[in-house]
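J.: Below is one structure. I have some questions about it.
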Amino acid sequence: MNSTTDFPNDAFQVICEGTYPHHLQGVCTGGNAIYWSFTTTLVKTDLQGKVLKTIPVANHHGDLCFREGKIYIAVNLGKFNDPSGNADSWVYVYDAESLDEFARHETQEVFHGAGGIGHREGHFYVVGGLPDSFDENDVYEYDDQFQFVKKHVITSGHTHLGIQSATFAHNRWWFGCYGSPAITLVTDADFQMKGRQELNCSLGVEGLADGRLIVASGQCDKEKGCSGKIHSALPNESNGFLIQK
């Protein structure tokens with residue numbers, strides 16, 4: 001969970017400066033900055049959305065998380081959602097200050113393509129694609145050296161193209177999924193289902209230390225490119241979360 005405390009105490013939204021060739025895949029915060037993964041562009045902004053640095057990255061960089069001065073991003077260089085598992089799954093690591101690449105870790109166990117990542121108690125958890133014929137989502141656990149630990153199964157029912165975003169915050173997992181409507185899955189720490197809501201955090205979700213969440217949204221225009229923003233939200237036991245207004 002993010003420890004940044006310099007966001008406003010009341011409702012807020014932050015618009016990422018600029019537009020980018022591909023759509024938003026995830027957001028994370030740390031060190032008084034926001035990090036935005038736009039599939040082929042990694043963007044660092046201040047807490048008001050002003051761009052501090054951008055770098056081009058390989059297609060497809062997905063969801064990301066901040067941990068001890070580094071940014072960890074789920075990357076798939078192969079096929080998503082292939083029943084035969086022709087993915088090429090990795091986690092790329094970047095220095096949070098400079099965005100210089102720090103390391104690459106293979107996560108080939110992520111059978112249908114790595115697309116999202118979260119962190120809890122020293123371990124990383126990678127999620128990804130899901131073919132149409134599958135009714136459960138998988139979460140792949142790695143230690144802090146990215147040695148594979150275990151595959152966890154979420155009895156979620158089918159979600160369109162699997163899970164796109166992941167974060168552990170406020171004693172539960174939050175997973176954002178595409179779809180019409182989009183779906184948010186909420187589980188306990190052991191991936192037991194707590195809720196399946198018609199809510200959209202598929203472009204990014206992150207916990208704040210003050211008990212709130214930030215939830216990302218975005219849109220693409222063929223001529224102008226793709227944009228992103230975040231909104232503050234309150235976890236809600238019955239509704240998943242409520243965007244603050």
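Chain labels A, B, ... are given in the sequence in which chains occur in the structure tokens; within each chain residues are numbered consecutively from 1, and ligands are likewise numbered from 1 in the order shown.
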Env of Trp173 in chain A: 7 Å cut, atoms = only C-alpha atoms, seq-sep filter 3 positions within chain, self excluded. Answer as a PyMOL selection string.
T.: chain A and resi 167-169+186-189
J.: List the spatial neighbours of range 34-38 of chain A as a PyMOL selection string - criterion: any atom at most 8 Å away, only C-alpha atoms, same-chain residues fewer than 4 positions off excluded.
T.: chain A and resi 20-30+42-47+49+61-64
J.: Quick one: write out the picked residues with C-alpha atoms as a PDB file, in the first residue's frame?
T.:
```pdb
ATOM      1  CA  TYR A  20       0.110   9.002 -25.342  1.00  0.00           C
ATOM      2  CA  PRO A  21      -0.084   6.512 -28.243  1.00  0.00           C
ATOM      3  CA  HIS A  22      -1.651   3.663 -26.209  1.00  0.00           C
ATOM      4  CA  HIS A  23      -4.127   3.440 -23.378  1.00  0.00           C
ATOM      5  CA  LEU A  24      -3.529   3.543 -19.638  1.00  0.00           C
ATOM      6  CA  GLN A  25      -2.787   0.167 -18.036  1.00  0.00           C
ATOM      7  CA  GLY A  26      -2.183   1.085 -14.395  1.00  0.00           C
ATOM      8  CA  VAL A  27      -1.057   3.658 -11.840  1.00  0.00           C
ATOM      9  CA  CYS A  28       0.922   3.650  -8.633  1.00  0.00           C
ATOM     10  CA  THR A  29       2.252   6.269  -6.246  1.00  0.00           C
ATOM     11  CA  GLY A  30       5.248   6.680  -3.988  1.00  0.00           C
ATOM     12  CA  LEU A  42       6.064   5.032 -18.683  1.00  0.00           C
ATOM     13  CA  VAL A  43       5.224   8.448 -17.226  1.00  0.00           C
ATOM     14  CA  LYS A  44       6.246  10.000 -13.914  1.00  0.00           C
ATOM     15  CA  THR A  45       4.319  13.046 -12.699  1.00  0.00           C
ATOM     16  CA  ASP A  46       4.107  15.067  -9.532  1.00  0.00           C
ATOM     17  CA  LEU A  47       0.976  14.800  -7.380  1.00  0.00           C
ATOM     18  CA  GLY A  49      -0.180  15.533 -12.713  1.00  0.00           C
ATOM     19  CA  HIS A  61       3.762  -2.852 -20.210  1.00  0.00           C
ATOM     20  CA  GLY A  62       0.771  -3.341 -17.931  1.00  0.00           C
ATOM     21  CA  ASP A  63      -0.118  -2.532 -14.329  1.00  0.00           C
ATOM     22  CA  LEU A  64       2.621  -1.493 -11.896  1.00  0.00           C
TER      23      LEU A  64
END
```
J.: Under the rule that only C-alpha atoms are counted, which of A:Thr19, A:Thr155, A:Gln244, A:Ser217 is the nearest residue to Asp190 in chain A?
T.: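 Ranked by minimum distance to Asp190 in chain A, first place goes to A:Thr155.
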J.: Within 10 Å of Asn239 in chain A, counting only C-alpha atoms, which residues qualify if same-chain residues fewer than 6 places away don't, as a list in words?
T.: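 Selected residues are Gly195, Arg196, Gln197, Glu198 and Leu199 of chain A.
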J.: Please return, as a PyMOL selection string, all residues of range 87-199 of chain A that DSSP assigns to strand (DSSP E) on the basis of the backbone.
T.: chain A and resi 89-95+101-106+114-120+123-128+137-142+148-154+160-169+172-178+183-187+193-197
J.: For each of A:Gly18, A:Gly31, A:Pro181, A:Pro8, take the minimum atom-to-atom distance to Gly225 in chain A, counting only C-alpha atoms, then give the residue where this is smallest.
T.: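 Of A:Gly18, A:Gly31, A:Pro181, A:Pro8, the one nearest Gly225 in chain A, counting only C-alpha atoms, is A:Gly18.
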J.: Using only C-alpha atoms, which residues sit within 10 Å of Ser89 in chain A once same-chain residues fewer than 5 positions away are excluded, as a PDB file with N, CA, C and O atoms, in the first residue's frame?
T.:
```pdb
ATOM      1  N   HIS A  60       4.046  -5.188 -24.288  1.00  0.00           N
ATOM      2  CA  HIS A  60       3.011  -4.500 -23.577  1.00  0.00           C
ATOM      3  C   HIS A  60       3.397  -4.372 -22.104  1.00  0.00           C
ATOM      4  O   HIS A  60       3.505  -5.371 -21.419  1.00  0.00           O
ATOM      5  N   ALA A  74       4.282  -5.359 -14.658  1.00  0.00           N
ATOM      6  CA  ALA A  74       3.973  -6.625 -15.326  1.00  0.00           C
ATOM      7  C   ALA A  74       4.054  -6.420 -16.835  1.00  0.00           C
ATOM      8  O   ALA A  74       3.437  -5.502 -17.381  1.00  0.00           O
ATOM      9  N   VAL A  75       4.818  -7.281 -17.498  1.00  0.00           N
ATOM     10  CA  VAL A  75       5.083  -7.137 -18.928  1.00  0.00           C
ATOM     11  C   VAL A  75       4.811  -8.475 -19.622  1.00  0.00           C
ATOM     12  O   VAL A  75       5.250  -9.527 -19.150  1.00  0.00           O
ATOM     13  N   ASN A  76       4.111  -8.416 -20.752  1.00  0.00           N
ATOM     14  CA  ASN A  76       3.948  -9.604 -21.592  1.00  0.00           C
ATOM     15  C   ASN A  76       4.432  -9.277 -22.991  1.00  0.00           C
ATOM     16  O   ASN A  76       3.936  -8.338 -23.625  1.00  0.00           O
ATOM     17  N   LEU A  77       5.384 -10.058 -23.482  1.00  0.00           N
ATOM     18  CA  LEU A  77       5.932  -9.860 -24.819  1.00  0.00           C
ATOM     19  C   LEU A  77       5.363 -10.868 -25.816  1.00  0.00           C
ATOM     20  O   LEU A  77       5.735 -10.844 -26.997  1.00  0.00           O
ATOM     21  N   GLY A  78       4.487 -11.741 -25.353  1.00  0.00           N
ATOM     22  CA  GLY A  78       3.890 -12.755 -26.214  1.00  0.00           C
ATOM     23  C   GLY A  78       2.400 -12.530 -26.391  1.00  0.00           C
ATOM     24  O   GLY A  78       1.916 -11.395 -26.377  1.00  0.00           O
ATOM     25  N   LYS A  79       1.654 -13.624 -26.529  1.00  0.00           N
ATOM     26  CA  LYS A  79       0.208 -13.552 -26.736  1.00  0.00           C
ATOM     27  C   LYS A  79      -0.524 -13.519 -25.397  1.00  0.00           C
ATOM     28  O   LYS A  79      -0.150 -14.214 -24.460  1.00  0.00           O
ATOM     29  N   PHE A  80      -1.572 -12.709 -25.331  1.00  0.00           N
ATOM     30  CA  PHE A  80      -2.477 -12.735 -24.193  1.00  0.00           C
ATOM     31  C   PHE A  80      -3.629 -13.700 -24.462  1.00  0.00           C
ATOM     32  O   PHE A  80      -4.055 -13.876 -25.616  1.00  0.00           O
ATOM     33  N   HIS A 105      12.828  -9.662 -14.600  1.00  0.00           N
ATOM     34  CA  HIS A 105      12.644 -10.974 -13.976  1.00  0.00           C
ATOM     35  C   HIS A 105      11.634 -11.783 -14.800  1.00  0.00           C
ATOM     36  O   HIS A 105      10.523 -11.310 -15.067  1.00  0.00           O
ATOM     37  N   GLU A 106      12.022 -12.989 -15.159  1.00  0.00           N
ATOM     38  CA  GLU A 106      11.081 -13.865 -15.861  1.00  0.00           C
ATOM     39  C   GLU A 106       9.991 -14.335 -14.902  1.00  0.00           C
ATOM     40  O   GLU A 106      10.272 -14.721 -13.767  1.00  0.00           O
ATOM     41  N   THR A 107       8.762 -14.302 -15.393  1.00  0.00           N
ATOM     42  CA  THR A 107       7.623 -14.842 -14.638  1.00  0.00           C
ATOM     43  C   THR A 107       6.805 -15.722 -15.581  1.00  0.00           C
ATOM     44  O   THR A 107       5.601 -15.536 -15.751  1.00  0.00           O
ATOM     45  N   GLN A 108       7.493 -16.673 -16.182  1.00  0.00           N
ATOM     46  CA  GLN A 108       6.870 -17.477 -17.230  1.00  0.00           C
ATOM     47  C   GLN A 108       5.746 -18.368 -16.712  1.00  0.00           C
ATOM     48  O   GLN A 108       4.965 -18.911 -17.501  1.00  0.00           O
ATOM     49  N   GLU A 109       5.644 -18.502 -15.393  1.00  0.00           N
ATOM     50  CA  GLU A 109       4.524 -19.266 -14.827  1.00  0.00           C
ATOM     51  C   GLU A 109       3.174 -18.610 -15.128  1.00  0.00           C
ATOM     52  O   GLU A 109       2.131 -19.275 -15.094  1.00  0.00           O
ATOM     53  N   VAL A 110       3.190 -17.304 -15.413  1.00  0.00           N
ATOM     54  CA  VAL A 110       1.937 -16.575 -15.690  1.00  0.00           C
ATOM     55  C   VAL A 110       1.477 -16.981 -17.091  1.00  0.00           C
ATOM     56  O   VAL A 110       1.852 -16.381 -18.100  1.00  0.00           O
ATOM     57  N   PHE A 111       0.640 -17.989 -17.138  1.00  0.00           N
ATOM     58  CA  PHE A 111       0.414 -18.796 -18.332  1.00  0.00           C
ATOM     59  C   PHE A 111      -0.279 -18.034 -19.459  1.00  0.00           C
ATOM     60  O   PHE A 111      -0.016 -18.275 -20.637  1.00  0.00           O
ATOM     61  N   HIS A 112      -1.173 -17.113 -19.113  1.00  0.00           N
ATOM     62  CA  HIS A 112      -1.947 -16.412 -20.137  1.00  0.00           C
ATOM     63  C   HIS A 112      -1.521 -14.968 -20.328  1.00  0.00           C
ATOM     64  O   HIS A 112      -2.250 -14.182 -20.939  1.00  0.00           O
ATOM     65  N   GLY A 113      -0.337 -14.608 -19.819  1.00  0.00           N
ATOM     66  CA  GLY A 113       0.214 -13.285 -20.061  1.00  0.00           C
ATOM     67  C   GLY A 113       0.134 -12.362 -18.866  1.00  0.00           C
ATOM     68  O   GLY A 113      -0.962 -12.041 -18.399  1.00  0.00           O
ATOM     69  N   ALA A 114       1.291 -11.912 -18.360  1.00  0.00           N
ATOM     70  CA  ALA A 114       1.322 -11.014 -17.206  1.00  0.00           C
ATOM     71  C   ALA A 114       0.763  -9.645 -17.571  1.00  0.00           C
ATOM     72  O   ALA A 114       1.194  -9.032 -18.547  1.00  0.00           O
ATOM     73  N   GLY A 115      -0.188  -9.183 -16.753  1.00  0.00           N
ATOM     74  CA  GLY A 115      -0.799  -7.883 -17.027  1.00  0.00           C
ATOM     75  C   GLY A 115      -0.896  -6.975 -15.822  1.00  0.00           C
ATOM     76  O   GLY A 115      -1.082  -5.768 -15.965  1.00  0.00           O
ATOM     77  N   VAL A 126       1.432 -11.586  -9.282  1.00  0.00           N
ATOM     78  CA  VAL A 126       1.251 -11.223 -10.681  1.00  0.00           C
ATOM     79  C   VAL A 126      -0.038 -11.853 -11.205  1.00  0.00           C
ATOM     80  O   VAL A 126      -0.319 -13.034 -10.951  1.00  0.00           O
ATOM     81  N   GLY A 128      -2.990 -11.777 -14.751  1.00  0.00           N
ATOM     82  CA  GLY A 128      -2.940 -11.572 -16.192  1.00  0.00           C
ATOM     83  C   GLY A 128      -4.176 -12.056 -16.916  1.00  0.00           C
ATOM     84  O   GLY A 128      -5.280 -12.028 -16.384  1.00  0.00           O
TER      85      GLY A 128
END
```
J.: Would you please work out which residue, of A:Val14, A:Asn86, A:Leu52, A:His231, is nearest to Ser98 in chain A when using only C-alpha atoms?
T.: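 When distances to Ser98 in chain A are compared using only C-alpha atoms, the smallest one comes from A:Leu52.
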J.: Tell me which of A:Tyr94, A:Tyr178, A:Tyr72, A:Phe148 sits closest to Ile55 in chain A, counting only C-alpha atoms.
T.: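 Comparing A:Tyr94, A:Tyr178, A:Tyr72, A:Phe148 against Ile55 in chain A, the winner is A:Tyr94.
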J.: What is the distance, in Å and to one decimal place, between CA of Ile71 in chain A and CA of Phe146 in chain A?
T.: 14.2 Å
J.: A:Gly179, A:Ile15, A:Phe102, A:Ala87: which is nearest Gly218 in chain A, counting only C-alpha atoms?
T.: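 Among the listed residues, A:Ile15 lies closest to Gly218 in chain A.
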J.: Can you list, as a short mmCIF file (atom, residue, chain, number, x, y, z; two decimals) with N, CA and C atoms, in the first residue's frame, every protein, DNA or RNA residue that comes within 10 Å of Val153 in chain A when you count only C-alpha atoms, leaving out same-chain residues fewer than 3 positions away?
T.:
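After the write, part-v1.cif holds the following:
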```
data_model
loop_
_atom_site.label_atom_id
_atom_site.label_comp_id
_atom_site.auth_asym_id
_atom_site.auth_seq_id
_atom_site.Cartn_x
_atom_site.Cartn_y
_atom_site.Cartn_z
N GLU A 136 -12.08 -19.22 -13.71
CA GLU A 136 -11.33 -18.86 -12.50
C GLU A 136 -10.11 -18.05 -12.90
N ASN A 137 -9.76 -17.08 -12.07
CA ASN A 137 -8.55 -16.29 -12.29
C ASN A 137 -7.42 -16.81 -11.41
N ASP A 138 -6.22 -16.72 -11.92
CA ASP A 138 -5.04 -17.18 -11.19
C ASP A 138 -4.18 -16.00 -10.75
N VAL A 139 -3.59 -16.13 -9.57
CA VAL A 139 -2.64 -15.15 -9.04
C VAL A 139 -1.35 -15.90 -8.74
N TYR A 140 -0.23 -15.38 -9.28
CA TYR A 140 1.05 -16.06 -9.18
C TYR A 140 1.92 -15.32 -8.17
N LYS A 150 3.97 -19.91 -5.52
CA LYS A 150 2.71 -20.64 -5.56
C LYS A 150 1.73 -19.96 -6.50
N SER A 156 -13.73 -16.68 -9.12
CA SER A 156 -14.35 -15.40 -9.46
C SER A 156 -15.44 -15.50 -10.50
N ASP A 190 -6.21 -14.13 1.47
CA ASP A 190 -5.98 -15.49 0.97
C ASP A 190 -6.74 -15.77 -0.32
N PHE A 191 -7.23 -14.72 -0.98
CA PHE A 191 -7.88 -14.79 -2.28
C PHE A 191 -9.25 -15.47 -2.24
N GLN A 192 -9.88 -15.43 -1.06
CA GLN A 192 -11.27 -15.89 -0.96
C GLN A 192 -12.19 -14.73 -1.31
#
```
J.: Given the choices A:His152, A:His170, A:Arg104, A:His158, which gets closest to Tyr125 in chain A if the distance is worked out from only C-alpha atoms?
T.: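 With only C-alpha atoms as the atom set, the closest residue is A:His152.
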J.: What does the distance from CA of Asp95 in chain A to CA of Ile73 in chain A come to in Å, to one decimal?
T.: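 One can read the CA of Asp95 in chain A to CA of Ile73 in chain A distance as 11.5 Å.
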J.: What's the separation between CA of Ser165 in chain A and CA of Leu203 in chain A, in Å to one decimal place?
T.: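 About the pair CA of Ser165 in chain A and CA of Leu203 in chain A: they are 6.6 Å apart.
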